[in-house]
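Visitor: I have a structure here, written as structure tokens, and I will follow up with some questions on it.
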Amino acid sequence: MDSLEKKYYKISEVAELLSIPASTLRFWESKFTVIKPYRNAHGTRFYTSADIDKIAQIHYLVKDRGLKLEAAQEQLRVNPKGIDQRHQTISRLKDMRSRVQQMLDALHSLR
């Protein structure tokens, strides 16, 4: 998540960034010990960019690869660097594909 500019993000901002419902983020927080947002005195969650990266990895494992929560936890515990590298690679490839598609659409609109 190279484009993150703030130090802390609220749950609604994280949900929008990752296209995940806030309820899913709260649920994952209860199931995955690697997600530890800071909470103020009022209980408001504040996520760091590291938290957002971990959530993106969990999203990749659960939604993209179709792993069950227990299997995703195991993967994060056993091979965190490998999961991070795969997630970053796939994210970059999706971004490149989107850019190529935009260029193709722009070329087709010129015809």
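Each chain of the structure tokens is named A, B, ... in the order shown, its residues numbered from 1; ligands are numbered from 1 in display order.
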So that I can see what lies close to range 28-41 of chain A, please list as an NGL selection string the residues with an atom at most 8 Å from it, counting only C-alpha atoms and leaving out residues fewer than 3 positions away in the same chain.
Guide: :A and (24-25 or 44-48 or 51 or 54-55 or 69 or 73)
Visitor: Report the residues of range 23-101 of chain A whose backbone DSSP state falls under strand (DSSP E or B), written as a list in words.
Guide: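 Those residues are Tyr38, Arg39, Arg45, Phe46 and Tyr47 of chain A.
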Visitor: Write out as a ChimeraX atom specification the residues lying within 12 Å of range 15-21 of chain A, counting only C-alpha atoms and excluding same-chain residues fewer than 6 positions away.
Guide: /A:1,3-4,9,27-28,47,49,51-60,62-63,91
Visitor: Could you please determine the separation between CA of His42 in chain A and CA of Ala22 in chain A in Å, to one decimal place?
Guide: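 Between CA of His42 in chain A and CA of Ala22 in chain A the gap is 17.6 Å.
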Visitor: Have a look at CA of Ile11 in chain A and CA of Asn79 in chain A and let me know their distance in Å, one decimal.
Guide: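 Computing it gives 26.7 Å between the two atoms.
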